[in-house]
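A.B. asks: This is the structure I have questions about; it appears just below.
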Amino acid sequence: MAQLDTTWDQHPEPLTIASAPVPEYGSGSLADLLPTLAASLGVPDMSASITELTPADRNCVFLIDGLGWEQLRAHPEDAPFMTSLLATSRGGTGRPLTAGFPATTATSLASVGTGLPPGAHGLPGYTVRNPDTGDLMNQLRWQPWAPPGPWQPYPTVFRLAHAAGVHAAQVSSPTFENTPLTKVALSGGTFLGRLSGEDRMDLAAEQLAAGDRSLVYTYFAEVDGAGHRYGVDSDTWRGQLMYADRLVQRLAEQLPPRSALYVTADHGMIDVPFDEQHRIDFDEDWELSAGVALLGGEGRARHVYAVPGAANDVLTCWREVLGEQFWVASRDEAIAAGWFGPRVDERVYGRIGDVVAAARDDVLLIASEREPKESAMVGNHGSMTPAEQLVPLLEVRS
């Protein structure tokens, strides 16, 4: 007797928290890069966690905002110089680093500059709740303002390197010199502002040569901006990638003796189609918004803050509605799983959502009314998928 086909009545199981690919904190994340370089320069209390890297007297980190590992590998014709360096990544292993969670600029830059994972440095998302005020704080724009020192009290690696006699410098856009994010994440030594990419590359090379032991950081933002506005396979994005490739080559050709140049990024990016299947609108979904006091994070990495007493109900609802496409965890579950690193400081605990949702599929949880600009972006990032999480660590040595 044939069995009754009941597949129509079966539903996929929600994603398990254990299936989320946690970043390689402590061995291969962005937070491990500067401590590894500083340790090789003799800076006290620094650990060489990325064991594949070989010490150099002069180290330069060039961070290209938004240039993920997968995007770079998919566009060899637009980035021939960086493509030629793929095999050098992560000390010649040809492997990428992981950005950290969430894979977003404010979080990643803080991880780079402090050498700490998000649970320690305390910038665990694009927007997070300030426990002292109850307000939702944008950590990229630092709005509403909060005192930078208490928000992120640890010294940056640049400050520690400068104190140890290493020539430390940041070469970036002048607009970033006095921002709170720069203060908490990338300050220490000398900040030098230059508008053009070419000027930054030339000055970065000069700063490398300015000390027998040097630690220099430089930055290029436009790849990320083009991806957000037009997508990561648009002509505009490709044009910015071509320009970034020329900048890398320009800097590489000017390296002083005994130098190592490392080219990395803060996150990758994916394009998300503009339809209801791929863009779920929180502002129009009564189920998801029930019991929610504040919606933080961004479309692919949400911090959800419940009204008092509603956290369990919100978690249950979000798992039922989104659990097949998002990893949905309670705050304590996300912390225990290591999403924010091996530890979460007490001052950071309340900044993390009562519920944390990270997208696995090519979907967004937008908020069309409260976040109109972010909801209109083509390219997005934040979660733990390879397209967002993996970043290069290309190397050139002189």
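In the structure tokens, chains take the letters A, B, ... in the order shown, each chain's residues start at 1, and ligands count up from 1 in the order shown.
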Residues near Asp245 of chain A, anyone? I mean within 10 Å using only C-alpha atoms, not counting same-chain ones fewer than 2 positions away, as a CSV table (one decimal) with C-alpha atoms, in the first residue's frame.

C.D. replies:
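The resulting file, selection.csv, is reproduced below:
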chain,number,residue,atom,x,y,z
A,64,ILE,CA,39.4,49.6,1.1
A,78,ASP,CA,38.8,45.3,-13.1
A,79,ALA,CA,41.5,44.7,-10.4
A,80,PRO,CA,44.4,43.1,-12.2
A,81,PHE,CA,47.0,44.2,-9.7
A,82,MET,CA,45.1,43.0,-6.6
A,83,THR,CA,44.1,39.8,-8.4
A,239,GLY,CA,35.1,52.0,-12.0
A,240,GLN,CA,35.8,52.6,-8.3
A,241,LEU,CA,37.4,49.1,-8.0
A,242,MET,CA,39.6,49.9,-11.0
A,243,TYR,CA,40.7,53.2,-9.3
A,247,LEU,CA,46.0,53.1,-5.8
A,248,VAL,CA,47.2,49.8,-4.4
A,249,GLN,CA,49.8,49.5,-7.2
A,250,ARG,CA,50.9,53.1,-6.7

A.B. asks: For His303 of chain A, list every protein, DNA or RNA residue within 10 Å, evaluated using only C-alpha atoms, and leave out those in the same chain fewer than 4 positions away; present the list as a PyMOL selection string.

C.D. replies: chain A and resi 124-129+294-299+330-331+351-358

A.B. asks: Hey, can you spit out that residue selection with all heavy atoms as a short mmCIF file (atom, residue, chain, number, x, y, z; two decimals), in the first residue's frame?

C.D. replies:
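Dumped to result20.cif:
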data_model
loop_
_atom_site.label_atom_id
_atom_site.label_comp_id
_atom_site.auth_asym_id
_atom_site.auth_seq_id
_atom_site.Cartn_x
_atom_site.Cartn_y
_atom_site.Cartn_z
N PRO A 124 28.91 47.36 18.60
CA PRO A 124 28.42 46.08 18.06
C PRO A 124 27.34 46.21 17.00
O PRO A 124 26.52 45.30 16.85
CB PRO A 124 27.88 45.40 19.31
CG PRO A 124 27.31 46.52 20.11
CD PRO A 124 28.20 47.70 19.85
N GLY A 125 27.33 47.32 16.24
CA GLY A 125 26.33 47.43 15.20
C GLY A 125 26.29 48.81 14.59
O GLY A 125 26.91 49.75 15.09
N TYR A 126 25.56 48.92 13.49
CA TYR A 126 25.39 50.21 12.82
C TYR A 126 24.63 51.18 13.72
O TYR A 126 25.08 52.30 13.96
CB TYR A 126 24.66 49.98 11.50
CG TYR A 126 24.30 51.23 10.73
CD1 TYR A 126 25.30 52.09 10.27
CD2 TYR A 126 22.98 51.55 10.45
CE1 TYR A 126 24.97 53.23 9.56
CE2 TYR A 126 22.65 52.68 9.73
CZ TYR A 126 23.64 53.53 9.29
OH TYR A 126 23.32 54.66 8.59
N THR A 127 23.49 50.75 14.24
CA THR A 127 22.79 51.51 15.26
C THR A 127 22.49 50.57 16.42
O THR A 127 22.08 49.43 16.22
CB THR A 127 21.46 52.11 14.75
OG1 THR A 127 20.59 51.07 14.30
CG2 THR A 127 21.71 53.10 13.62
N VAL A 128 22.73 51.06 17.63
CA VAL A 128 22.49 50.26 18.84
C VAL A 128 21.87 51.16 19.91
O VAL A 128 22.02 52.38 19.87
CB VAL A 128 23.77 49.61 19.39
CG1 VAL A 128 24.39 48.67 18.36
CG2 VAL A 128 24.78 50.65 19.83
N ARG A 129 21.22 50.53 20.87
CA ARG A 129 20.64 51.30 21.97
C ARG A 129 21.72 51.75 22.95
O ARG A 129 22.60 50.97 23.32
CB ARG A 129 19.60 50.45 22.70
CG ARG A 129 18.89 51.21 23.84
CD ARG A 129 17.88 50.34 24.53
NE ARG A 129 18.50 49.16 25.15
CZ ARG A 129 17.81 48.18 25.70
NH1 ARG A 129 16.49 48.20 25.69
NH2 ARG A 129 18.45 47.15 26.25
N LEU A 294 12.47 49.38 20.00
CA LEU A 294 13.45 49.99 19.10
C LEU A 294 13.96 48.94 18.13
O LEU A 294 14.20 47.78 18.52
CB LEU A 294 14.64 50.55 19.88
CG LEU A 294 14.45 51.82 20.72
CD1 LEU A 294 15.71 52.09 21.52
CD2 LEU A 294 14.11 53.01 19.83
N LEU A 295 14.14 49.34 16.88
CA LEU A 295 14.74 48.48 15.87
C LEU A 295 16.10 49.06 15.52
O LEU A 295 16.20 50.17 14.99
CB LEU A 295 13.88 48.41 14.62
CG LEU A 295 14.42 47.53 13.48
CD1 LEU A 295 14.37 46.06 13.86
CD2 LEU A 295 13.65 47.79 12.18
N GLY A 296 17.16 48.31 15.83
CA GLY A 296 18.51 48.77 15.57
C GLY A 296 19.21 47.95 14.50
O GLY A 296 18.60 47.14 13.79
N GLY A 297 20.51 48.15 14.39
CA GLY A 297 21.31 47.45 13.40
C GLY A 297 21.04 47.95 12.00
O GLY A 297 20.83 49.14 11.76
N GLU A 298 21.02 47.03 11.05
CA GLU A 298 20.75 47.34 9.65
C GLU A 298 20.05 46.14 9.03
O GLU A 298 19.83 45.14 9.67
CB GLU A 298 22.04 47.69 8.93
CG GLU A 298 23.12 46.62 9.02
CD GLU A 298 24.50 47.18 8.72
OE1 GLU A 298 24.72 47.64 7.59
OE2 GLU A 298 25.36 47.15 9.63
N GLY A 299 19.74 46.25 7.74
CA GLY A 299 18.84 45.29 7.12
C GLY A 299 19.25 43.84 7.19
O GLY A 299 18.41 42.95 7.18
N SER A 330 18.50 35.04 20.90
CA SER A 330 18.38 35.98 22.00
C SER A 330 19.75 36.62 22.24
O SER A 330 20.78 36.12 21.76
CB SER A 330 17.91 35.27 23.27
OG SER A 330 18.93 34.42 23.76
N ARG A 331 19.76 37.69 23.01
CA ARG A 331 21.04 38.33 23.33
C ARG A 331 22.01 37.33 23.94
O ARG A 331 23.16 37.20 23.50
CB ARG A 331 20.81 39.50 24.30
CG ARG A 331 22.11 40.15 24.77
CD ARG A 331 21.88 41.08 25.96
NE ARG A 331 21.16 42.27 25.56
CZ ARG A 331 19.99 42.64 26.08
NH1 ARG A 331 19.41 41.89 27.02
NH2 ARG A 331 19.40 43.76 25.68
N ARG A 351 23.81 47.17 24.99
CA ARG A 351 23.80 47.71 23.63
C ARG A 351 23.34 46.67 22.61
O ARG A 351 22.87 47.02 21.53
CB ARG A 351 25.18 48.24 23.25
CG ARG A 351 25.71 49.32 24.18
CD ARG A 351 27.13 49.73 23.83
NE ARG A 351 27.71 50.55 24.89
CZ ARG A 351 28.96 51.01 24.89
NH1 ARG A 351 29.77 50.73 23.87
NH2 ARG A 351 29.40 51.74 25.90
N ILE A 352 23.54 45.42 22.94
CA ILE A 352 23.13 44.33 22.06
C ILE A 352 21.61 44.12 22.20
O ILE A 352 21.05 44.26 23.28
CB ILE A 352 23.89 43.04 22.43
CG1 ILE A 352 25.40 43.25 22.19
CG2 ILE A 352 23.39 41.84 21.64
CD1 ILE A 352 26.26 42.13 22.74
N GLY A 353 20.95 43.81 21.12
CA GLY A 353 19.50 43.65 21.14
C GLY A 353 19.04 42.51 22.02
O GLY A 353 19.76 41.52 22.21
N ASP A 354 17.81 42.63 22.53
CA ASP A 354 17.19 41.49 23.20
C ASP A 354 17.11 40.31 22.24
O ASP A 354 17.21 39.15 22.64
CB ASP A 354 15.79 41.86 23.68
CG ASP A 354 15.81 42.92 24.75
OD1 ASP A 354 16.37 42.65 25.82
OD2 ASP A 354 15.27 44.01 24.51
N VAL A 355 16.91 40.63 20.97
CA VAL A 355 16.93 39.64 19.89
C VAL A 355 17.91 40.14 18.84
O VAL A 355 17.95 41.33 18.52
CB VAL A 355 15.53 39.47 19.27
CG1 VAL A 355 15.57 38.55 18.06
CG2 VAL A 355 14.55 38.95 20.31
N VAL A 356 18.72 39.23 18.31
CA VAL A 356 19.67 39.55 17.25
C VAL A 356 19.34 38.67 16.05
O VAL A 356 19.23 37.44 16.19
CB VAL A 356 21.12 39.31 17.70
CG1 VAL A 356 22.09 39.75 16.61
CG2 VAL A 356 21.42 40.05 19.00
N ALA A 357 19.16 39.29 14.88
CA ALA A 357 18.79 38.55 13.66
C ALA A 357 19.80 38.82 12.57
O ALA A 357 20.04 39.99 12.21
CB ALA A 357 17.39 38.94 13.21
N ALA A 358 20.43 37.78 12.04
CA ALA A 358 21.45 37.88 11.00
C ALA A 358 21.01 37.09 9.77
O ALA A 358 20.69 35.90 9.87
CB ALA A 358 22.79 37.35 11.51
#

A.B. asks: Apply DSSP to the backbone of this structure and, from segment 79-182 of chain A, keep only the residues in helix (DSSP H, G or I); write these as a ChimeraX atom specification.

C.D. replies: /A:80-84,86-92,105-114,118-121,148-151,157-163,174-176,180-182

A.B. asks: Produce a file of the selected residues containing C-alpha atoms, as a PDB file, in the first residue's frame.

C.D. replies:
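Output saved as result_37.pdb:
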ATOM      1  CA  PRO A  80      44.422  43.076 -12.191  1.00  0.00           C
ATOM      2  CA  PHE A  81      47.033  44.171  -9.664  1.00  0.00           C
ATOM      3  CA  MET A  82      45.118  43.026  -6.581  1.00  0.00           C
ATOM      4  CA  THR A  83      44.125  39.845  -8.397  1.00  0.00           C
ATOM      5  CA  SER A  84      47.811  39.106  -8.925  1.00  0.00           C
ATOM      6  CA  LEU A  86      45.420  36.884  -4.180  1.00  0.00           C
ATOM      7  CA  ALA A  87      47.851  34.071  -3.453  1.00  0.00           C
ATOM      8  CA  THR A  88      49.716  36.312  -0.981  1.00  0.00           C
ATOM      9  CA  SER A  89      46.640  36.780   1.207  1.00  0.00           C
ATOM     10  CA  ARG A  90      47.014  35.931   4.881  1.00  0.00           C
ATOM     11  CA  GLY A  91      50.710  35.255   4.815  1.00  0.00           C
ATOM     12  CA  GLY A  92      50.804  33.384   1.512  1.00  0.00           C
ATOM     13  CA  THR A 105      32.011  49.804   8.902  1.00  0.00           C
ATOM     14  CA  ALA A 106      31.787  51.265  12.425  1.00  0.00           C
ATOM     15  CA  THR A 107      32.191  47.845  14.022  1.00  0.00           C
ATOM     16  CA  SER A 108      35.034  46.761  11.751  1.00  0.00           C
ATOM     17  CA  LEU A 109      37.016  49.998  11.996  1.00  0.00           C
ATOM     18  CA  ALA A 110      36.801  49.780  15.777  1.00  0.00           C
ATOM     19  CA  SER A 111      37.989  46.165  15.603  1.00  0.00           C
ATOM     20  CA  VAL A 112      40.904  47.147  13.379  1.00  0.00           C
ATOM     21  CA  GLY A 113      42.023  50.121  15.429  1.00  0.00           C
ATOM     22  CA  THR A 114      41.579  48.712  18.936  1.00  0.00           C
ATOM     23  CA  PRO A 118      32.989  43.980  19.110  1.00  0.00           C
ATOM     24  CA  GLY A 119      31.963  42.611  22.489  1.00  0.00           C
ATOM     25  CA  ALA A 120      34.959  44.353  24.046  1.00  0.00           C
ATOM     26  CA  HIS A 121      35.314  47.597  22.080  1.00  0.00           C
ATOM     27  CA  PRO A 148      33.492  58.864  23.222  1.00  0.00           C
ATOM     28  CA  GLY A 149      35.840  57.894  26.064  1.00  0.00           C
ATOM     29  CA  PRO A 150      33.344  56.020  28.227  1.00  0.00           C
ATOM     30  CA  TRP A 151      31.739  54.496  25.144  1.00  0.00           C
ATOM     31  CA  VAL A 157      46.864  49.969  18.899  1.00  0.00           C
ATOM     32  CA  PHE A 158      48.214  53.174  17.336  1.00  0.00           C
ATOM     33  CA  ARG A 159      48.355  54.831  20.753  1.00  0.00           C
ATOM     34  CA  LEU A 160      50.142  51.854  22.263  1.00  0.00           C
ATOM     35  CA  ALA A 161      52.562  51.703  19.333  1.00  0.00           C
ATOM     36  CA  HIS A 162      53.321  55.425  19.578  1.00  0.00           C
ATOM     37  CA  ALA A 163      53.981  55.064  23.299  1.00  0.00           C
ATOM     38  CA  PRO A 174      40.510  65.365   6.328  1.00  0.00           C
ATOM     39  CA  THR A 175      36.790  65.062   7.159  1.00  0.00           C
ATOM     40  CA  PHE A 176      37.557  62.113   9.453  1.00  0.00           C
ATOM     41  CA  PRO A 180      34.257  60.569  17.492  1.00  0.00           C
ATOM     42  CA  LEU A 181      34.617  57.315  15.549  1.00  0.00           C
ATOM     43  CA  THR A 182      38.182  58.207  14.607  1.00  0.00           C
TER      44      THR A 182
END

A.B. asks: Do you have the atom CA of Pro131 of chain A-atom CA of Gly382 of chain A distance handy?

C.D. replies: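 It comes out at 22.1 Å.
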
A.B. asks: Could you tell me how far atom CA of Ala334 of chain A sits from atom CA of Ala20 of chain A, in Å to one decimal place?

C.D. replies: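 Interatomic distance, atom CA of Ala20 of chain A to atom CA of Ala334 of chain A: 10.0 Å.
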
A.B. asks: Mind running segment 252-354 of chain A against segment 43-54 of chain A at 12 Å and telling me each contacting residue's nearest atom pair with the distance in Å (one decimal), counting only C-alpha atoms, chain and number ascending, as CSV?

C.D. replies:
residue,atom,partner,partner_atom,distance
A:Arg258,CA,A:Thr54,CA,11.5
A:Ser259,CA,A:Thr54,CA,11.0
A:Ala260,CA,A:Thr54,CA,9.1
A:Leu261,CA,A:Leu53,CA,11.6
A:Tyr262,CA,A:Leu53,CA,10.3

A.B. asks: Would you output that residue set with C-alpha atoms, as a PDB file, in the first residue's frame?

C.D. replies:
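For reference, selection.pdb as written:
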ATOM      1  CA  ARG A 258      61.896  46.536   5.018  1.00  0.00           C
ATOM      2  CA  SER A 259      58.210  47.265   4.490  1.00  0.00           C
ATOM      3  CA  ALA A 260      55.051  45.179   4.302  1.00  0.00           C
ATOM      4  CA  LEU A 261      51.829  46.493   2.766  1.00  0.00           C
ATOM      5  CA  TYR A 262      48.575  44.769   3.738  1.00  0.00           C
TER       6      TYR A 262
END

A.B. asks: What separation in Å, quoted to one decimal, exists between atom CA of Ala209 of chain A and atom CA of Val61 of chain A?

C.D. replies: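 We find that atom CA of Ala209 of chain A and atom CA of Val61 of chain A lie 14.3 Å from each other.
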
A.B. asks: Using DSSP assignments from the backbone, pull out every residue in segment 204-275 of chain A that falls under strand (DSSP E or B) and give it to me as a ChimeraX atom specification.

C.D. replies: /A:214-220,259-264,270-271

A.B. asks: Which residues are close to Glu284 of chain A, i.e. within 9 Å by only C-alpha atoms, leaving aside same-chain residues fewer than 2 positions away? Reply as a ChimeraX atom specification.

C.D. replies: /A:280-282,286,288-289,367-369

A.B. asks: So that I can check the surroundings of segment 214-224 of chain A, please list as a list in words every protein, DNA and RNA residue that reaches within 6 Å of it, counting only C-alpha atoms and ignoring chain neighbours fewer than 2 positions away.

C.D. replies: Arg58, Asn59, Cys60, Val61, Phe62, Leu63, Ile64, Asp65, Gly66, Val166, His167, Ala168, Ala169, Gln170, Val171, Ser172, Leu208, Gly211, Ala226, Gly227 and Gln240 of chain A

A.B. asks: Find, counting only C-alpha atoms, the residue in A:Gln325, A:Asn380, A:Ser173, A:Thr236 that gets nearest to Arg360 of chain A.

C.D. replies: A:Gln325

A.B. asks: Env of Pro386 of chain A: 9 Å cut, atoms = only C-alpha atoms, seq-sep filter 5 positions within chain, self excluded. Answer as a list in words.

C.D. replies: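 So, after excluding close chain neighbours, the residues are Pro21, Gly68, Trp69, Glu70, Thr98, Gly268 and Val391 of chain A.
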
A.B. asks: Hey, can you spit out that residue selection with C-alpha atoms as a PDB file, in the first residue's frame?

C.D. replies:
ATOM      1  CA  PRO A  21      29.612  30.780  10.669  1.00  0.00           C
ATOM      2  CA  GLY A  68      35.033  41.794   0.142  1.00  0.00           C
ATOM      3  CA  TRP A  69      37.042  38.723  -0.786  1.00  0.00           C
ATOM      4  CA  GLU A  70      34.320  37.285  -2.977  1.00  0.00           C
ATOM      5  CA  THR A  98      36.869  37.399   8.673  1.00  0.00           C
ATOM      6  CA  GLY A 268      31.989  42.595   1.687  1.00  0.00           C
ATOM      7  CA  VAL A 391      37.898  40.145   3.459  1.00  0.00           C
TER       8      VAL A 391
END

A.B. asks: Residues at most 8 Å from Leu364 of chain A, counting only C-alpha atoms, excluding those fewer than 4 positions away in the same chain, as JSON, numbers by chain?

C.D. replies: {"A": [272, 278, 279, 280, 299, 300, 359]}
